[in-house]
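**Q** For reference, the file coords_5.txt (compact mmCIF, C-alpha atoms and all ligand atoms) is included below:
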```
# COMPACT_ATOMS: atom_id res chain seq x y z
CA MET L 1 0.00 0.00 0.00
CA LYS L 2 2.69 2.41 1.13
CA VAL L 3 4.81 1.66 -1.91
CA SER L 4 1.94 2.36 -4.28
CA VAL L 5 1.16 5.72 -2.65
CA ILE L 6 4.80 6.74 -2.92
CA SER L 7 5.03 5.68 -6.55
CA VAL L 8 1.85 7.59 -7.42
CA LEU L 9 3.25 10.71 -5.75
CA LEU L 10 6.53 10.25 -7.58
CA TYR L 11 4.62 9.94 -10.83
CA LEU L 12 2.60 13.09 -10.14
CA VAL L 13 5.72 15.13 -9.39
CA LEU L 14 8.38 13.60 -11.59
CA GLY L 15 6.11 12.60 -14.49
CA PRO L 16 6.06 16.05 -16.10
CA VAL L 17 9.75 16.59 -15.35
CA ALA L 18 10.71 13.33 -17.04
CA GLY L 19 8.21 13.88 -19.86
CA GLY L 20 9.50 17.40 -20.54
CA LEU L 21 13.12 16.26 -20.48
CA LEU L 22 12.30 13.43 -22.86
CA ALA L 23 10.65 15.92 -25.21
CA GLY L 24 13.72 18.15 -24.99
CA ILE L 25 16.08 15.26 -25.67
CA ASP L 26 13.84 14.32 -28.57
CA ARG L 27 14.20 17.79 -30.11
CA LYS L 28 17.96 17.79 -29.54
CA ILE L 29 18.48 14.35 -31.10
CA THR L 30 16.17 15.20 -33.99
CA ALA L 31 18.16 18.38 -34.64
CA ARG L 32 21.45 16.49 -34.54
CA MET L 33 20.08 13.88 -36.95
CA GLN L 34 19.29 16.74 -39.34
CA GLY L 35 22.72 18.33 -38.92
CA ARG L 36 21.48 21.22 -36.77
CA ARG L 37 22.50 22.34 -33.30
CA GLY L 38 18.98 22.24 -31.94
CA PRO L 39 17.41 24.00 -28.96
CA SER L 40 18.33 23.51 -25.32
CA VAL L 41 17.18 20.30 -23.68
CA LEU L 42 15.05 22.46 -21.39
CA GLN L 43 13.24 24.05 -24.33
CA PRO L 44 9.91 22.25 -23.68
CA PHE L 45 9.82 23.83 -20.21
CA TYR L 46 10.42 27.28 -21.68
CA ASP L 47 7.60 26.61 -24.13
CA LEU L 48 5.27 25.56 -21.33
CA PHE L 49 6.15 28.63 -19.29
CA LYS L 50 5.54 30.86 -22.29
CA LEU L 51 2.17 29.27 -23.01
CA PHE L 52 1.03 29.83 -19.43
CA HIS L 53 1.87 33.51 -19.79
CA LYS L 54 0.00 34.19 -23.00
CA GLN L 55 -3.28 35.99 -23.22
CA VAL L 56 -6.17 33.68 -22.41
CA VAL L 57 -8.36 33.23 -25.46
CA VAL L 58 -11.41 31.13 -24.72
CA VAL L 59 -13.02 29.60 -27.79
CA ASN L 60 -15.84 28.15 -25.70
CA ASP L 61 -16.18 26.96 -22.10
CA VAL L 62 -16.87 23.36 -23.06
CA GLN L 63 -13.50 23.13 -24.74
CA ASP L 64 -11.63 24.18 -21.62
CA PHE L 65 -13.59 21.71 -19.55
CA LEU L 66 -12.87 18.88 -21.99
CA VAL L 67 -9.14 19.63 -22.08
CA TRP L 68 -9.11 19.55 -18.29
CA GLY L 69 -10.87 16.20 -18.52
CA PHE L 70 -8.12 14.99 -20.83
CA LEU L 71 -5.43 16.00 -18.34
CA VAL L 72 -7.25 14.55 -15.32
CA PHE L 73 -7.88 11.20 -16.95
CA ILE L 74 -4.35 10.92 -18.31
CA VAL L 75 -3.01 11.57 -14.82
CA PHE L 76 -5.53 9.06 -13.46
CA THR L 77 -4.39 6.49 -16.04
CA GLY L 78 -0.73 6.90 -15.16
CA GLY L 79 -1.44 7.11 -11.44
CA LEU L 80 -3.42 3.88 -11.50
CA PHE L 81 -0.69 2.18 -13.49
CA PHE L 82 2.12 3.20 -11.17
CA ALA L 83 -0.01 2.35 -8.15
CA GLY L 84 -0.04 -1.22 -9.46
CA GLY L 85 -3.73 -1.16 -10.39
CA ASP L 86 -5.72 -3.13 -12.90
CA LEU L 87 -4.23 -3.01 -16.39
CA LEU L 88 -7.63 -3.21 -18.10
CA LEU L 89 -8.95 -0.27 -16.11
CA VAL L 90 -5.75 1.64 -16.93
CA PHE L 91 -6.27 1.15 -20.66
CA PHE L 92 -9.96 2.03 -20.47
CA ALA L 93 -9.11 5.26 -18.65
CA LEU L 94 -6.54 5.99 -21.36
CA THR L 95 -9.21 5.62 -24.04
CA LEU L 96 -11.60 7.84 -22.09
CA ALA L 97 -8.90 10.51 -21.87
CA GLY L 98 -8.40 10.24 -25.62
CA ILE L 99 -12.12 10.73 -26.18
CA PHE L 100 -12.05 13.87 -24.04
CA PHE L 101 -9.30 15.25 -26.26
CA VAL L 102 -11.18 14.41 -29.44
CA MET L 103 -14.34 16.00 -28.09
CA SER L 104 -12.46 19.18 -27.20
CA ALA L 105 -11.30 19.46 -30.79
CA CYS L 106 -14.83 18.74 -32.10
CA SER L 107 -16.34 21.42 -29.90
CA ALA L 108 -14.44 24.21 -31.63
CA ASN L 109 -16.44 24.37 -34.85
CA SER L 110 -13.32 24.84 -36.93
CA PRO L 111 -12.77 22.68 -40.02
CA TYR L 112 -9.13 22.06 -39.15
CA SER L 113 -9.68 20.86 -35.64
CA SER L 114 -12.68 18.78 -36.77
CA MET L 115 -10.50 17.12 -39.38
CA GLY L 116 -7.89 16.54 -36.70
CA ALA L 117 -10.55 14.98 -34.48
CA GLN L 118 -11.68 12.63 -37.24
CA ARG L 119 -8.13 11.55 -37.89
CA GLU L 120 -7.54 11.05 -34.18
CA LEU L 121 -10.56 8.72 -34.06
CA MET L 122 -9.05 6.84 -36.99
CA GLN L 123 -5.78 6.56 -35.07
CA MET L 124 -7.59 5.25 -32.01
CA MET L 125 -9.31 2.69 -34.19
CA ALA L 126 -5.89 1.61 -35.44
CA TYR L 127 -4.12 1.23 -32.09
CA GLU L 128 -6.92 0.15 -29.75
CA PRO L 129 -6.91 -3.59 -30.66
CA MET L 130 -3.18 -3.82 -29.96
CA VAL L 131 -3.61 -2.10 -26.60
CA LEU L 132 -6.18 -4.71 -25.59
CA LEU L 133 -3.91 -7.52 -26.78
CA VAL L 134 -1.18 -6.19 -24.50
CA ALA L 135 -3.48 -6.51 -21.50
CA ILE L 136 -4.63 -10.00 -22.53
CA GLY L 137 -1.04 -11.05 -23.18
CA PHE L 138 0.03 -10.03 -19.68
CA TYR L 139 -2.92 -11.95 -18.28
CA ASP L 140 -1.98 -15.07 -20.22
CA VAL L 141 1.60 -14.93 -19.01
CA THR L 142 1.06 -14.00 -15.36
CA GLY L 143 -2.53 -14.98 -14.66
CA SER L 144 -3.43 -11.47 -13.48
CA PHE L 145 -4.41 -8.08 -14.82
CA SER L 146 -2.98 -6.30 -11.80
CA VAL L 147 0.23 -4.42 -12.52
CA SER L 148 1.75 -5.22 -9.14
CA ASP L 149 1.06 -8.94 -9.62
CA ILE L 150 2.59 -8.78 -13.09
CA ILE L 151 5.78 -7.27 -11.68
CA HIS L 152 6.04 -9.91 -8.95
CA ALA L 153 4.98 -12.77 -11.20
CA GLY L 154 8.35 -14.47 -11.51
CA SER L 155 11.95 -14.19 -12.53
CA VAL L 156 11.35 -14.42 -16.30
CA PRO L 157 10.37 -11.10 -17.91
CA ALA L 158 7.10 -11.07 -19.82
CA ILE L 159 8.89 -10.10 -23.02
CA ALA L 160 10.35 -13.61 -23.19
CA TYR L 161 6.83 -14.98 -23.65
CA MET L 162 5.42 -12.23 -25.81
CA PRO L 163 8.05 -10.68 -28.09
CA GLY L 164 5.43 -10.34 -30.83
CA ILE L 165 3.12 -8.34 -28.61
CA PHE L 166 6.07 -6.17 -27.60
CA ILE L 167 6.84 -5.40 -31.24
CA GLY L 168 3.17 -4.64 -31.84
CA PHE L 169 3.16 -2.28 -28.88
CA LEU L 170 6.26 -0.47 -30.15
CA TRP L 171 4.44 -0.07 -33.46
CA ILE L 172 1.41 1.61 -31.93
CA LEU L 173 3.68 3.75 -29.76
CA VAL L 174 4.53 5.61 -32.97
CA ILE L 175 0.87 6.62 -33.15
CA LYS L 176 0.62 7.38 -29.44
CA PHE L 177 3.77 9.52 -29.41
CA ARG L 178 2.45 11.37 -32.48
CA LYS L 179 5.51 10.53 -34.50
CA SER L 180 5.89 10.48 -38.25
CA PRO L 181 4.78 8.37 -40.25
CA PHE L 182 1.60 8.22 -38.14
CA ASP L 183 1.27 11.83 -36.95
CA LEU L 184 -1.94 12.36 -38.85
CA SER L 185 -4.12 14.24 -36.40
CA THR L 186 -1.59 16.74 -35.11
CA THR L 187 2.15 16.98 -35.33
CA HIS L 188 5.15 18.78 -33.92
CA HIS L 189 6.66 19.00 -37.39
CA ALA L 190 6.21 21.99 -39.63
CA HIS L 191 3.90 20.40 -42.18
CA GLN L 192 0.75 22.39 -42.11
CA GLU L 193 -1.75 20.93 -44.52
CA MET L 194 -4.48 21.33 -41.90
CA VAL L 195 -2.77 23.90 -39.68
CA LYS L 196 -2.25 22.02 -36.38
CA GLY L 197 -5.17 19.59 -36.59
CA LEU L 198 -6.44 18.69 -33.15
CA THR L 199 -4.77 21.59 -31.38
CA THR L 200 -5.58 24.29 -33.96
CA GLU L 201 -8.11 26.05 -31.77
CA LEU L 202 -6.21 25.65 -28.52
CA SER L 203 -3.93 28.41 -27.36
CA GLY L 204 -2.13 29.76 -24.31
CA ASN L 205 -2.72 27.99 -21.03
CA ILE L 206 -5.09 25.42 -22.54
CA LEU L 207 -2.45 24.36 -25.04
CA ALA L 208 -0.03 24.17 -22.12
CA LEU L 209 -2.37 21.70 -20.41
CA VAL L 210 -2.36 19.55 -23.53
CA GLU L 211 1.46 19.58 -23.55
CA LEU L 212 1.50 18.64 -19.90
CA SER L 213 -0.94 15.77 -20.52
CA HIS L 214 1.27 14.48 -23.29
CA TRP L 215 4.25 14.43 -20.99
CA TYR L 216 2.31 12.46 -18.40
CA GLU L 217 1.03 10.16 -21.12
CA ASN L 218 4.48 9.51 -22.58
CA VAL L 219 5.92 8.59 -19.20
CA PHE L 220 3.01 6.23 -18.61
CA LEU L 221 3.44 4.62 -22.04
CA LEU L 222 7.14 4.09 -21.40
CA GLY L 223 6.08 2.56 -18.09
CA VAL L 224 4.11 -0.04 -20.05
CA VAL L 225 7.23 -0.71 -22.13
CA GLY L 226 9.10 -1.23 -18.87
CA LEU L 227 6.43 -3.63 -17.65
CA PHE L 228 7.48 -6.04 -20.39
CA VAL L 229 10.96 -6.23 -18.88
CA VAL L 230 10.68 -5.95 -15.09
CA THR L 231 10.76 -9.05 -12.92
CA ASN L 232 10.86 -9.45 -9.17
CA ALA L 233 14.65 -8.94 -9.15
CA TRP L 234 15.64 -5.39 -8.20
CA TRP L 235 18.15 -4.90 -11.02
CA SER L 236 15.50 -5.59 -13.63
CA GLY L 237 14.33 -2.02 -13.01
CA ILE L 238 17.60 -0.70 -14.44
CA ILE L 239 17.22 -2.87 -17.52
CA ALA L 240 13.61 -1.68 -17.85
CA VAL L 241 14.73 1.98 -17.88
CA ALA L 242 17.38 1.15 -20.47
CA VAL L 243 14.82 -0.62 -22.66
CA CYS L 244 12.45 2.35 -22.29
CA LEU L 245 15.15 4.79 -23.41
CA LEU L 246 16.12 2.53 -26.28
CA SER L 247 12.54 2.28 -27.51
CA TYR L 248 12.15 6.04 -27.17
CA PHE L 249 15.26 6.49 -29.30
CA SER L 250 13.89 4.09 -31.90
CA GLU L 251 10.70 6.18 -32.04
CA ILE L 252 12.76 9.32 -32.70
CA LEU L 253 14.68 7.49 -35.40
CA THR L 254 11.42 6.34 -37.01
CA ASP L 255 10.14 9.89 -36.81
CA ASN L 256 13.10 11.18 -38.76
CA ILE L 257 13.29 8.40 -41.34
CA PHE L 258 9.74 7.96 -42.56
CA PRO L 259 7.47 10.49 -44.24
CA ARG L 260 3.88 10.74 -43.12
CA VAL L 261 1.48 8.19 -44.65
CA LYS L 262 -2.22 8.34 -45.44
CA TRP L 263 -4.77 7.10 -42.95
CA ASP L 264 -5.69 3.93 -44.84
CA PHE L 265 -2.08 2.76 -44.90
CA MET L 266 -1.79 3.44 -41.20
CA LEU L 267 -4.94 1.46 -40.43
CA LYS L 268 -4.05 -1.49 -42.67
CA SER L 269 -0.44 -1.76 -41.57
CA THR L 270 -1.25 -1.39 -37.88
CA TRP L 271 -3.95 -4.02 -38.00
CA THR L 272 -1.69 -6.31 -40.00
CA VAL L 273 1.03 -5.98 -37.40
CA THR L 274 -1.57 -6.52 -34.68
CA MET L 275 -2.72 -9.72 -36.39
CA VAL L 276 0.68 -11.09 -37.31
CA ALA L 277 2.70 -10.13 -34.28
CA GLY L 278 0.00 -9.84 -31.63
CA VAL L 279 -2.63 -12.49 -32.30
CA VAL L 280 -0.17 -15.16 -33.45
CA ASN L 281 1.91 -14.55 -30.34
CA LEU L 282 -1.20 -14.88 -28.22
CA LEU L 283 -2.25 -18.12 -29.93
CA ILE L 284 1.15 -19.67 -29.38
CA LEU L 285 1.02 -18.56 -25.76
CA THR L 286 -2.35 -20.19 -25.23
CA MET L 287 -1.08 -23.40 -26.79
CA ILE L 288 2.10 -23.75 -24.76
CA ARG L 289 0.47 -22.85 -21.44
CA MET V 1 15.78 32.97 -16.12
CA LEU V 2 12.42 31.90 -17.48
CA LYS V 3 11.19 34.43 -19.99
CA VAL V 4 8.48 34.51 -22.58
CA SER V 5 11.17 35.27 -25.13
CA LYS V 6 12.82 31.90 -24.62
CA SER V 7 10.21 30.28 -26.78
CA PRO V 8 9.30 32.46 -29.76
CA TRP V 9 6.98 30.62 -32.11
CA LEU V 10 6.55 32.31 -35.42
CA LEU V 11 4.00 32.46 -38.12
CA HIS V 12 5.13 33.25 -41.63
CA TYR V 13 2.67 34.85 -44.02
CA ASP V 14 3.41 35.59 -47.65
CA GLY V 15 1.59 38.80 -48.60
CA SER V 16 2.39 39.68 -52.18
CA SER V 17 6.02 38.74 -52.02
CA CYS V 18 7.94 37.64 -55.11
CA ASN V 19 8.97 34.56 -53.04
CA GLY V 20 12.53 35.84 -52.73
CA CYS V 21 12.07 36.79 -49.09
CA ASP V 22 10.05 33.65 -48.35
CA ILE V 23 12.89 31.46 -49.41
CA GLU V 24 15.23 33.42 -47.18
CA VAL V 25 12.83 33.03 -44.24
CA LEU V 26 12.77 29.28 -44.76
CA ALA V 27 16.54 29.30 -45.15
CA CYS V 28 16.73 30.46 -41.53
CA LEU V 29 15.34 27.09 -40.46
CA THR V 30 17.91 25.05 -42.39
CA PRO V 31 21.04 23.56 -40.78
CA VAL V 32 23.18 26.53 -41.85
CA TYR V 33 21.26 29.11 -39.79
CA ASP V 34 19.10 26.86 -37.57
CA VAL V 35 16.95 29.40 -35.71
CA GLU V 36 15.43 26.51 -33.77
CA ARG V 37 18.47 26.75 -31.50
CA PHE V 38 16.83 29.86 -30.05
CA GLY V 39 13.64 27.89 -29.50
CA VAL V 40 11.98 29.24 -32.63
CA ILE V 41 9.28 27.03 -34.07
CA ASN V 42 7.72 27.72 -37.42
CA THR V 43 4.07 27.15 -36.64
CA GLY V 44 1.32 27.53 -39.18
CA ASN V 45 -1.23 28.50 -36.59
CA PRO V 46 -1.87 32.13 -35.59
CA LYS V 47 -3.29 30.97 -32.25
CA HIS V 48 0.05 29.41 -31.33
CA ALA V 49 2.27 32.16 -32.71
CA ASP V 50 4.12 34.95 -30.90
CA ILE V 51 5.87 36.53 -33.85
CA PHE V 52 4.16 37.39 -37.11
CA LEU V 53 6.63 37.45 -40.02
CA ILE V 54 5.23 39.03 -43.16
CA THR V 55 6.90 39.20 -46.54
CA GLY V 56 5.60 41.26 -49.43
CA GLY V 57 3.40 44.32 -49.55
CA ILE V 58 -0.26 44.78 -48.76
CA ASN V 59 -2.87 44.84 -51.48
CA ALA V 60 -6.65 44.98 -51.46
CA GLN V 61 -6.90 41.21 -51.41
CA ASN V 62 -4.58 40.36 -48.56
CA ALA V 63 -5.29 43.29 -46.24
CA PRO V 64 -8.32 41.62 -44.57
CA VAL V 65 -6.39 38.35 -44.29
CA VAL V 66 -3.45 40.02 -42.57
CA LYS V 67 -5.80 41.86 -40.23
CA GLN V 68 -7.61 38.67 -39.32
CA ILE V 69 -4.44 36.69 -38.67
CA TYR V 70 -3.17 39.54 -36.51
CA ALA V 71 -6.44 39.58 -34.55
CA GLN V 72 -6.26 35.83 -33.96
CA MET V 73 -2.84 35.94 -32.34
CA PRO V 74 -2.98 36.09 -28.54
CA ASN V 75 -0.96 38.80 -26.76
CA PRO V 76 1.94 39.43 -26.36
CA LYS V 77 2.70 39.44 -30.08
CA VAL V 78 5.23 41.13 -32.35
CA VAL V 79 4.99 41.89 -36.05
CA VAL V 80 8.11 41.74 -38.21
CA ALA V 81 8.02 43.07 -41.77
CA VAL V 82 10.63 41.17 -43.79
CA GLY V 83 12.01 42.65 -46.99
CA ILE V 84 11.63 46.11 -48.45
CA CYS V 85 8.25 45.18 -49.97
CA ALA V 86 6.84 44.51 -46.53
CA CYS V 87 8.48 47.66 -45.16
CA ASN V 88 7.01 50.13 -47.63
CA GLY V 89 5.93 48.40 -50.83
CA GLY V 90 9.41 48.25 -52.36
CA ILE V 91 9.63 47.96 -56.11
CA PHE V 92 5.89 47.29 -56.27
CA LYS V 93 5.12 50.53 -54.48
CA ASP V 94 3.69 52.29 -57.51
CA CYS V 95 1.57 49.38 -58.70
CA TYR V 96 -2.13 50.20 -58.97
CA ASN V 97 -3.12 47.46 -56.55
CA ILE V 98 -0.55 47.94 -53.79
CA ASP V 99 -1.49 49.86 -50.64
CA GLY V 100 2.09 49.95 -49.42
CA GLY V 101 3.95 48.25 -46.57
CA VAL V 102 2.47 46.03 -43.91
CA ASP V 103 1.99 49.05 -41.64
CA THR V 104 -0.89 50.17 -43.84
CA ALA V 105 -2.89 47.24 -42.42
CA ILE V 106 -1.53 46.44 -38.94
CA PRO V 107 1.04 47.99 -36.58
CA VAL V 108 4.55 46.78 -37.39
CA ASP V 109 7.18 46.53 -34.65
CA ILE V 110 10.32 45.58 -36.52
CA TYR V 111 11.36 46.42 -40.05
CA VAL V 112 13.90 44.15 -41.75
CA PRO V 113 15.20 45.79 -44.94
CA GLY V 114 16.77 44.09 -47.92
CA CYS V 115 15.75 42.72 -51.29
CA ALA V 116 15.76 39.91 -50.57
CA ALA V 117 16.32 40.27 -46.83
CA ARG V 118 19.36 38.16 -45.97
CA PRO V 119 18.92 35.34 -43.45
CA GLU V 120 21.33 37.15 -41.10
CA ALA V 121 19.11 40.23 -41.23
CA ILE V 122 15.99 38.15 -40.64
CA ILE V 123 17.57 36.44 -37.63
CA ASP V 124 18.58 39.86 -36.35
CA GLY V 125 14.96 40.98 -36.74
CA VAL V 126 13.69 37.92 -34.92
CA VAL V 127 16.16 38.46 -32.08
CA ARG V 128 14.98 42.07 -31.72
CA ALA V 129 11.37 40.85 -31.88
CA VAL V 130 12.11 38.41 -29.08
CA ALA V 131 13.42 41.21 -26.85
CA LEU V 132 10.27 43.18 -27.60
CA LEU V 133 8.12 40.21 -26.58
CA ASP V 134 9.44 40.42 -23.03
CA GLU V 135 8.77 44.13 -22.92
CA LYS V 136 5.22 43.67 -24.15
CA ARG V 137 4.66 40.94 -21.61
CA LYS V 138 5.76 43.33 -18.87
CA ASN V 139 3.37 46.00 -20.14
CA MET V 140 0.57 43.42 -20.21
CA ARG V 141 1.28 42.66 -16.56
CA LYS V 142 1.26 46.34 -15.65
CA GLU V 143 -2.03 46.87 -17.41
CA ALA V 144 -3.54 43.86 -15.71
CA ALA V 145 -2.37 45.14 -12.33
CA GLN V 146 -4.00 48.52 -12.84
S1 LIG I 301 11.87 42.62 -50.93
FE1 LIG I 301 12.64 41.87 -52.88
S2 LIG I 301 12.90 39.67 -52.59
FE2 LIG I 301 11.58 40.41 -50.94
S3 LIG I 301 9.52 40.12 -51.68
FE3 LIG I 301 10.09 42.19 -52.22
S4 LIG I 301 10.90 42.05 -54.29
FE4 LIG I 301 10.84 39.97 -53.45
```
Please rewrite the model in this file as structure tokens.
Ligand code: SF4
**A**
Amino acid sequence: MKVSVISVLLYLVLGPVAGGLLAGIDRKITARMQGRRGPSVLQPFYDLFKLFHKQVVVVNDVQDFLVWGFLVFIVFTGGLFFAGGDLLLVFFALTLAGIFFVMSACSANSPYSSMGAQRELMQMMAYEPMVLLVAIGFYDVTGSFSVSDIIHAGSVPAIAYMPGIFIGFLWILVIKFRKSPFDLSTTHHAHQEMVKGLTTELSGNILALVELSHWYENVFLLGVVGLFVVTNAWWSGIIAVAVCLLSYFSEILTDNIFPRVKWDFMLKSTWTVTMVAGVVNLLILTMIR
Amino acid sequence: MLKVSKSPWLLHYDGSSCNGCDIEVLACLTPVYDVERFGVINTGNPKHADIFLITGGINAQNAPVVKQIYAQMPNPKVVVAVGICACNGGIFKDCYNIDGGVDTAIPVDIYVPGCAARPEAIIDGVVRAVALLDEKRKNMRKEAAQ
């Protein structure tokens, strides 16, 4: 009990710090890959500070409420995860948070943010099956949906039983991190064919809340990556962090290598990977157990 | 240490430019000049932007557009006119359809001369714009306090 309270508090405080630093490292590495110097690693924090100090422009009250809902449910998702809660509930809360975000974009009555919202729904349709397979996979391996049980399940990391599901999860992380080639609904790159998509109508402090939610979300998602690796041995935590950083780096690399694709390619390829890597892995698991 | 000016996001609008200045603006983002090292992001969204970079003069068609974009940007904001066309109409000044520089439509804070404005001059303009952002932020605070 005590441990879970401490880890939730740590997540609440250090989540944005780690998320912001990761975003800064991302921008630095991206710049270096493109032969530029790049901004300071602390740049995302400067951006956040700036956004909080801009004039408040309220498009409509519902939108502000919905963005707050997004933040609260993302924090709830991550908090529940790091408290060792139920993995299914964690993923459902994540989806709910996503819906809040989509609704906030829909509420703005702007063609660009509506288009972004539609694309975001398409993205959710693409990654959601794989997310569920991750939860089922963990259940098959450890006999429990509870994160704390999964960690203490044994001395063999879950990734040994479900490498396919791990690959599938890395694939959908590209969508979740909003990285090229799957950054359809909104992007941090300068392509502007529909302005900024989902976040077009958000500005100032509300945009800052969205940034903050993304930092929390990214740390949580990397936590799920870590869950594939941790065992009941203490040193497995170090390996888990290393694997998290490595997968984050691979996402940055993907971001810089591949151009953005159309939605139908994203959907087809993601579902194909889900079928081939995820479902087959699950079938084999059910057979050998 | 933390200042608004540490994260200037800019919006680039092409008024009636010949594209010479536009290419120079984009050149600032390339590895040679890399303005992103100052935290500059080229955003396409007026609601996210702090600095409004305009190239080319104002004519009857783009005046309402420029005014609307300007109105959509949240304070504090700075307008930079890039190239002599944006400063006062330049070589197009006497054309029947040109009103003149950007300041015929909206208040301009920084003028960057040149035809085309060199990337060094544009960066200089952006750096001056960034300093102005802090000042405007301070004024905003003062007004709010009153
Ligand atoms: S200042 Fe020169 S280069 Fe720039 S838009 Fe005008 S004519 Fe073109």
**Q** For chain V, which residues have at least one atom within 8 Å of chain L, if we go by all atoms listed in the file? Write them as a list in words, please.
**A**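 Those within range of chain L come out as Leu2, Lys3, Val4, Ser5, Lys6, Ser7, Thr30, Pro31, Val32, Asp34, Glu36, Arg37, Phe38, Gly39, Asn42, Thr43, Gly44, Asn45, Lys47, His48, Pro74, Asn75 and Pro76 of chain V.
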**Q** Between CA of Ala131 in chain V and CA of Pro8 in chain V, what is the distance in Å, rounded to a tenth?
**A**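 Answer for the CA of Ala131 in chain V to CA of Pro8 in chain V separation: 10.1 Å.
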**Q** From the list L:Tyr161, L:Tyr11, L:Phe100, L:Phe82, which residue is nearest Arg289 in chain L when using only C-alpha atoms?
**A**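 Smallest distance to Arg289 in chain L is found for L:Tyr161.
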**Q** Hey, could you make a per-residue contact list for chain V against ligand LIG 301 (chain I) with 7 Å as the cut-off, showing the nearest pair of atoms and its distance in Å to one decimal, counting all atoms listed in the file, sorted by chain and number, as a tab-separated table?
**A**
```
residue	atom	partner	partner_atom	distance
V:Ser17	CA	I:LIG301	S3	3.8
V:Cys18	CA	I:LIG301	FE4	4.1
V:Asn19	CA	I:LIG301	FE4	5.7
V:Gly20	CA	I:LIG301	S2	3.9
V:Cys21	CA	I:LIG301	FE2	4.1
V:Thr55	CA	I:LIG301	S3	5.8
V:Gly56	CA	I:LIG301	S3	4.7
V:Gly83	CA	I:LIG301	S1	3.9
V:Ile84	CA	I:LIG301	S1	4.3
V:Cys85	CA	I:LIG301	FE3	4.2
V:Ala86	CA	I:LIG301	S1	6.9
V:Gly90	CA	I:LIG301	FE3	6.1
V:Ile91	CA	I:LIG301	S4	6.3
V:Gly114	CA	I:LIG301	S1	5.9
V:Cys115	CA	I:LIG301	FE1	3.6
V:Ala116	CA	I:LIG301	S2	3.5
V:Ala117	CA	I:LIG301	FE2	6.3
```
**Q** Need to verify the contact set: Asp64 in chain L, 9 Å, all atoms listed in the file, exclusion of same-chain residues closer than 4 positions in sequence. Can you return it as a ChimeraX atom specification?
**A** /L:58-60,68-69,104,202,206
**Q** Mind listing as a compact mmCIF listing (two decimals) with C-alpha atoms, in the coordinates of the input all residues within 8 Å of (13.1, -6.5, -14.1), counting all atoms listed in the file?
**A**
```txt
# COMPACT_ATOMS: atom_id res chain seq x y z
CA ILE L 151 5.78 -7.27 -11.68
CA SER L 155 11.95 -14.19 -12.53
CA PRO L 157 10.37 -11.10 -17.91
CA VAL L 229 10.96 -6.23 -18.88
CA VAL L 230 10.68 -5.95 -15.09
CA THR L 231 10.76 -9.05 -12.92
CA ASN L 232 10.86 -9.45 -9.17
CA ALA L 233 14.65 -8.94 -9.15
CA TRP L 234 15.64 -5.39 -8.20
CA TRP L 235 18.15 -4.90 -11.02
CA SER L 236 15.50 -5.59 -13.63
CA GLY L 237 14.33 -2.02 -13.01
CA ILE L 238 17.60 -0.70 -14.44
CA ILE L 239 17.22 -2.87 -17.52
CA ALA L 240 13.61 -1.68 -17.85
```
**Q** Start from the incomplete input, build N, CA, C and O atoms for range 2-9 of chain V, and deliver everything as an mmCIF file, keeping the file's coordinate frame.
**A**
```
data_model
loop_
_atom_site.group_PDB
_atom_site.id
_atom_site.type_symbol
_atom_site.label_atom_id
_atom_site.label_comp_id
_atom_site.auth_asym_id
_atom_site.auth_seq_id
_atom_site.Cartn_x
_atom_site.Cartn_y
_atom_site.Cartn_z
ATOM 1 N N LEU V 2 13.504 32.266 -16.581
ATOM 2 C CA LEU V 2 12.420 31.900 -17.480
ATOM 3 C C LEU V 2 11.781 33.165 -18.051
ATOM 4 O O LEU V 2 11.326 34.024 -17.314
ATOM 5 N N LYS V 3 11.787 33.270 -19.356
ATOM 6 C CA LYS V 3 11.190 34.430 -19.990
ATOM 7 C C LYS V 3 10.312 33.971 -21.141
ATOM 8 O O LYS V 3 10.544 32.926 -21.731
ATOM 9 N N VAL V 4 9.348 34.806 -21.446
ATOM 10 C CA VAL V 4 8.480 34.510 -22.580
ATOM 11 C C VAL V 4 9.314 34.393 -23.853
ATOM 12 O O VAL V 4 9.065 33.580 -24.728
ATOM 13 N N SER V 5 10.376 35.209 -23.902
ATOM 14 C CA SER V 5 11.170 35.270 -25.130
ATOM 15 C C SER V 5 11.993 34.017 -25.370
ATOM 16 O O SER V 5 12.609 33.880 -26.416
ATOM 17 N N LYS V 6 12.025 33.099 -24.403
ATOM 18 C CA LYS V 6 12.820 31.900 -24.620
ATOM 19 C C LYS V 6 12.145 30.933 -25.578
ATOM 20 O O LYS V 6 12.731 29.915 -25.955
ATOM 21 N N SER V 7 10.903 31.206 -25.910
ATOM 22 C CA SER V 7 10.210 30.280 -26.780
ATOM 23 C C SER V 7 9.372 31.035 -27.815
ATOM 24 O O SER V 7 8.163 31.083 -27.744
ATOM 25 N N PRO V 8 10.051 31.706 -28.757
ATOM 26 C CA PRO V 8 9.300 32.460 -29.760
ATOM 27 C C PRO V 8 8.814 31.546 -30.893
ATOM 28 O O PRO V 8 9.616 30.963 -31.602
ATOM 29 N N TRP V 9 7.533 31.414 -31.009
ATOM 30 C CA TRP V 9 6.980 30.620 -32.110
ATOM 31 C C TRP V 9 6.537 31.593 -33.182
ATOM 32 O O TRP V 9 5.846 32.568 -32.890
#
```
